[in-house]
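Below is one structure, written out as structure tokens; the observations come after it.
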Amino acid sequence: MKHKLRLGVNIDHVATIRNARGGLYPDPVRAAKLAAAAGADGITAHLREDRRHIRDTDIQRINDEVDRPLNLEMAATKEMLEIALKHKPHAACIVPEKREEQTTEGGLDAIGGHNHLTPMVREMSNAGIRVSLFIEPDARQLDAAVSLGAPVVELHTGRYADLEGADRDTEFERIKAAADYAASIGLECHAGHGLTFDNVVPIAAIATLVELNIGHFLIGEAIFSGLDSAIRRMRSLMDKARAEVEGARSA
Ligand code: PXP
């Protein structure tokens, strides 16, 4: 396959279950190692301000113990910038964060946040961290990402995942157009949020996407079929979708 679509497995919700009992089990680092063995190309973890799932020690241990690049999801705060500069993960994805939200709702405003985000992106880039911005599939946000110096964007697929029928098709077209536009202006384009076995195939078939980040569904599915099996099935759906689109392009 010419352009393999990378899979980043988000292990936040292993930590959610661990924290429900206040102990050490289940260990998100064990899940990260298992994810790597099952075909994950990277491990994604969101260190939230309130540490509701991943904690600082998890970040340290994933970096030290797991043989895959870490993508640290983080809010654009001074505290998180310091943590990123200390741990120097392979990648950092800047996400909007509200304390009361259940999960990341909506994308970052790269236009309004230009002055705040530009020095953060620069500092992390200078430290060798590949910075991405989690944004809505919108050309103006993509232009703003370029103008503030981010090399990578991650398109929010949450709306696509929540919608049905024609509304979902419209949102899908928005994501595809945004991914194609991102690639045309030199951005590496990722996507994620709310992806499942049932909705991943059309997204994986967008040839301009380089990486998908998937968490909640895989950890949920692990309850029924095991994490290894859930990740292998996701990997195989993604690879099949990508192979089909590349076969169609070269035919
Ligand atoms: N990408 C980003 C930037 C996210 O914030 C999240 C959720 O933490 C995900 C991907 C994964 O979303 P989900 O857990 O719904 O698969």
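Letters for chains follow the order of the structure tokens (A, B, ...), residue numbers begin at 1 for each chain, and ligand numbers begin at 1 in the order shown.
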Report as a Markdown table the residues of segment 66-129 of chain A within 10 Å of segment 20-42 of chain A, each with its shortest atom pair and distance in Å (one decimal), using only C-alpha atoms, ordered by chain and increasing residue number.
| residue | atom | partner | partner_atom | distance |
| --- | --- | --- | --- | --- |
| A:Val66 | CA | A:Lys33 | CA | 5.8 |
| A:Asp67 | CA | A:Ala36 | CA | 7.3 |
| A:Arg68 | CA | A:Gly42 | CA | 5.1 |
| A:Pro69 | CA | A:Gly42 | CA | 5.0 |
| A:Leu70 | CA | A:Gly42 | CA | 6.0 |
| A:Asn71 | CA | A:Gly42 | CA | 7.0 |
| A:His90 | CA | A:Gly42 | CA | 9.4 |
| A:Ala91 | CA | A:Gly42 | CA | 9.8 |
With C-alpha atoms retained, export the selected residues as a CSV table (one decimal), in the first residue's frame.
chain,number,residue,atom,x,y,z
A,66,VAL,CA,6.0,2.1,24.8
A,67,ASP,CA,7.7,1.6,21.5
A,68,ARG,CA,5.4,3.9,19.5
A,69,PRO,CA,5.3,7.7,19.1
A,70,LEU,CA,3.2,9.5,21.7
A,71,ASN,CA,0.7,12.1,20.5
A,90,HIS,CA,6.7,13.0,19.2
A,91,ALA,CA,3.6,15.0,18.6
> Hey, which residues come within 10 Å of ligand 1 if we count only C-alpha atoms and all ligand atoms? Could you give them as a ChimeraX atom specification?
Replying inline: /A:8-13,44-48,71-75,92-97,102-108,132-135,153-158,161,190-196,212-220
Enumerate the residues of segment 83-243 of chain A with a DSSP assignment of helix (DSSP H, G or I), computed from the backbone, and present them as a PDB file with C-alpha atoms, in the first residue's frame.
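Once everything was written out, this is result_19.pdb:
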ATOM      1  CA  ILE A  83       4.600  19.625  30.449  1.00  0.00           C
ATOM      2  CA  ALA A  84       4.994  19.140  26.682  1.00  0.00           C
ATOM      3  CA  LEU A  85       8.407  20.814  26.719  1.00  0.00           C
ATOM      4  CA  LYS A  86       9.462  18.611  29.642  1.00  0.00           C
ATOM      5  CA  HIS A  87       8.377  15.290  28.101  1.00  0.00           C
ATOM      6  CA  HIS A 114      -3.825  33.283  16.471  1.00  0.00           C
ATOM      7  CA  ASN A 115      -1.867  35.495  18.900  1.00  0.00           C
ATOM      8  CA  HIS A 116      -2.116  33.026  21.783  1.00  0.00           C
ATOM      9  CA  LEU A 117      -1.324  29.922  19.727  1.00  0.00           C
ATOM     10  CA  THR A 118       1.511  31.187  17.512  1.00  0.00           C
ATOM     11  CA  PRO A 119       4.214  31.353  20.231  1.00  0.00           C
ATOM     12  CA  MET A 120       3.123  27.973  21.669  1.00  0.00           C
ATOM     13  CA  VAL A 121       3.344  26.301  18.276  1.00  0.00           C
ATOM     14  CA  ARG A 122       6.746  27.912  17.715  1.00  0.00           C
ATOM     15  CA  GLU A 123       8.127  26.861  21.107  1.00  0.00           C
ATOM     16  CA  MET A 124       7.015  23.273  20.731  1.00  0.00           C
ATOM     17  CA  SER A 125       8.218  23.081  17.121  1.00  0.00           C
ATOM     18  CA  ASN A 126      11.617  24.425  18.196  1.00  0.00           C
ATOM     19  CA  ALA A 139     -11.013  26.184   4.953  1.00  0.00           C
ATOM     20  CA  ARG A 140     -10.682  29.367   7.044  1.00  0.00           C
ATOM     21  CA  GLN A 141      -9.431  27.357  10.022  1.00  0.00           C
ATOM     22  CA  LEU A 142      -6.967  25.536   7.754  1.00  0.00           C
ATOM     23  CA  ASP A 143      -5.619  28.829   6.398  1.00  0.00           C
ATOM     24  CA  ALA A 144      -5.276  30.031   9.987  1.00  0.00           C
ATOM     25  CA  ALA A 145      -3.339  26.873  10.920  1.00  0.00           C
ATOM     26  CA  VAL A 146      -0.839  27.606   8.151  1.00  0.00           C
ATOM     27  CA  SER A 147      -0.519  31.237   9.139  1.00  0.00           C
ATOM     28  CA  GLY A 158     -17.498  14.259  15.924  1.00  0.00           C
ATOM     29  CA  ARG A 159     -20.358  15.899  14.010  1.00  0.00           C
ATOM     30  CA  TYR A 160     -20.034  13.337  11.204  1.00  0.00           C
ATOM     31  CA  ALA A 161     -20.207  10.552  13.795  1.00  0.00           C
ATOM     32  CA  ASP A 162     -23.313  12.005  15.477  1.00  0.00           C
ATOM     33  CA  GLY A 165     -28.533  10.085   6.583  1.00  0.00           C
ATOM     34  CA  ALA A 166     -28.208  13.100   4.284  1.00  0.00           C
ATOM     35  CA  ASP A 167     -26.853  15.298   7.081  1.00  0.00           C
ATOM     36  CA  ARG A 168     -24.024  12.853   7.623  1.00  0.00           C
ATOM     37  CA  ASP A 169     -23.311  12.801   3.877  1.00  0.00           C
ATOM     38  CA  THR A 170     -23.078  16.607   3.853  1.00  0.00           C
ATOM     39  CA  GLU A 171     -20.708  16.593   6.811  1.00  0.00           C
ATOM     40  CA  PHE A 172     -18.648  13.871   5.144  1.00  0.00           C
ATOM     41  CA  GLU A 173     -18.245  16.052   2.041  1.00  0.00           C
ATOM     42  CA  ARG A 174     -17.110  18.919   4.277  1.00  0.00           C
ATOM     43  CA  ILE A 175     -14.445  16.676   5.831  1.00  0.00           C
ATOM     44  CA  LYS A 176     -13.277  15.385   2.461  1.00  0.00           C
ATOM     45  CA  ALA A 177     -13.075  18.886   0.973  1.00  0.00           C
ATOM     46  CA  ALA A 178     -11.177  20.116   4.039  1.00  0.00           C
ATOM     47  CA  ALA A 179      -8.709  17.200   3.915  1.00  0.00           C
ATOM     48  CA  ASP A 180      -8.046  17.787   0.215  1.00  0.00           C
ATOM     49  CA  TYR A 181      -7.647  21.518   0.789  1.00  0.00           C
ATOM     50  CA  ALA A 182      -5.304  20.926   3.759  1.00  0.00           C
ATOM     51  CA  ALA A 183      -3.055  18.733   1.624  1.00  0.00           C
ATOM     52  CA  SER A 184      -3.090  21.335  -1.186  1.00  0.00           C
ATOM     53  CA  VAL A 200     -14.741   4.633   9.740  1.00  0.00           C
ATOM     54  CA  VAL A 201     -14.651   3.265   6.175  1.00  0.00           C
ATOM     55  CA  PRO A 202     -15.650   6.427   4.225  1.00  0.00           C
ATOM     56  CA  ILE A 203     -13.266   8.522   6.349  1.00  0.00           C
ATOM     57  CA  ALA A 204     -10.415   6.038   5.860  1.00  0.00           C
ATOM     58  CA  HIS A 216     -13.573   5.637  23.115  1.00  0.00           C
ATOM     59  CA  PHE A 217     -15.091   3.087  20.733  1.00  0.00           C
ATOM     60  CA  LEU A 218     -12.029   0.822  20.803  1.00  0.00           C
ATOM     61  CA  ILE A 219     -11.862   0.779  24.595  1.00  0.00           C
ATOM     62  CA  GLY A 220     -15.624   0.153  24.757  1.00  0.00           C
ATOM     63  CA  GLU A 221     -15.394  -2.626  22.188  1.00  0.00           C
ATOM     64  CA  ALA A 222     -12.539  -4.177  24.146  1.00  0.00           C
ATOM     65  CA  ILE A 223     -15.097  -5.097  26.816  1.00  0.00           C
ATOM     66  CA  PHE A 224     -16.835  -7.357  24.326  1.00  0.00           C
ATOM     67  CA  SER A 225     -14.087  -8.685  22.092  1.00  0.00           C
ATOM     68  CA  LEU A 227      -8.542  -4.752  22.860  1.00  0.00           C
ATOM     69  CA  ASP A 228      -6.301  -6.736  20.525  1.00  0.00           C
ATOM     70  CA  SER A 229      -9.226  -7.931  18.420  1.00  0.00           C
ATOM     71  CA  ALA A 230     -10.907  -4.489  18.379  1.00  0.00           C
ATOM     72  CA  ILE A 231      -7.747  -2.760  17.175  1.00  0.00           C
ATOM     73  CA  ARG A 232      -6.976  -5.442  14.582  1.00  0.00           C
ATOM     74  CA  ARG A 233     -10.480  -5.132  13.152  1.00  0.00           C
ATOM     75  CA  MET A 234     -10.259  -1.318  13.014  1.00  0.00           C
ATOM     76  CA  ARG A 235      -6.825  -1.582  11.385  1.00  0.00           C
ATOM     77  CA  SER A 236      -8.163  -4.008   8.799  1.00  0.00           C
ATOM     78  CA  LEU A 237     -11.203  -1.816   7.962  1.00  0.00           C
ATOM     79  CA  MET A 238      -8.907   1.189   7.513  1.00  0.00           C
ATOM     80  CA  ASP A 239      -6.393  -0.727   5.378  1.00  0.00           C
ATOM     81  CA  LYS A 240      -9.127  -2.209   3.199  1.00  0.00           C
ATOM     82  CA  ALA A 241     -10.738   1.188   2.610  1.00  0.00           C
ATOM     83  CA  ARG A 242      -7.368   2.715   1.724  1.00  0.00           C
ATOM     84  CA  ALA A 243      -6.385  -0.201  -0.568  1.00  0.00           C
TER      85      ALA A 243
END
> Just how far from atom CA of Glu101 of chain A is atom CA of Asp58 of chain A, in Å to one decimal?
Replying inline: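 Going from atom CA of Asp58 of chain A over to atom CA of Glu101 of chain A covers 21.9 Å.
The nearest approach to Lys78 of chain A among the residues A:Asn63, A:Glu49, A:Glu211, A:Arg55, with only C-alpha atoms taken into account, belongs to A:Glu49.
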>> Given only C-alpha atoms as the basis, pick out the residue of A:Val210, A:Ile111, A:Asp50, A:Lys88 nearest to Leu148 of chain A.
In response: A:Ile111
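Closest approach to Arg6 of chain A among A:Val131, A:Ala251, A:Ala207, A:Ile62 is made by A:Ala207 (distances from only C-alpha atoms).
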>> Just list as a VMD selection string whatever in segment 76-126 of chain A DSSP marks as strand (DSSP E).
In response: chain A and resid 91 to 94
Those selected residues, please, written with C-alpha atoms and delivered as a PDB file, in the first residue's frame.
ATOM      1  CA  ALA A  91       3.586  15.049  18.612  1.00  0.00           C
ATOM      2  CA  ALA A  92       1.259  17.389  20.452  1.00  0.00           C
ATOM      3  CA  CYS A  93      -2.293  18.072  19.360  1.00  0.00           C
ATOM      4  CA  ILE A  94      -3.725  21.307  20.734  1.00  0.00           C
TER       5      ILE A  94
END
> What separation in Å, quoted to one decimal, exists between atom CA of Ala205 of chain A and atom CA of Leu7 of chain A?
Replying inline: 13.5 Å
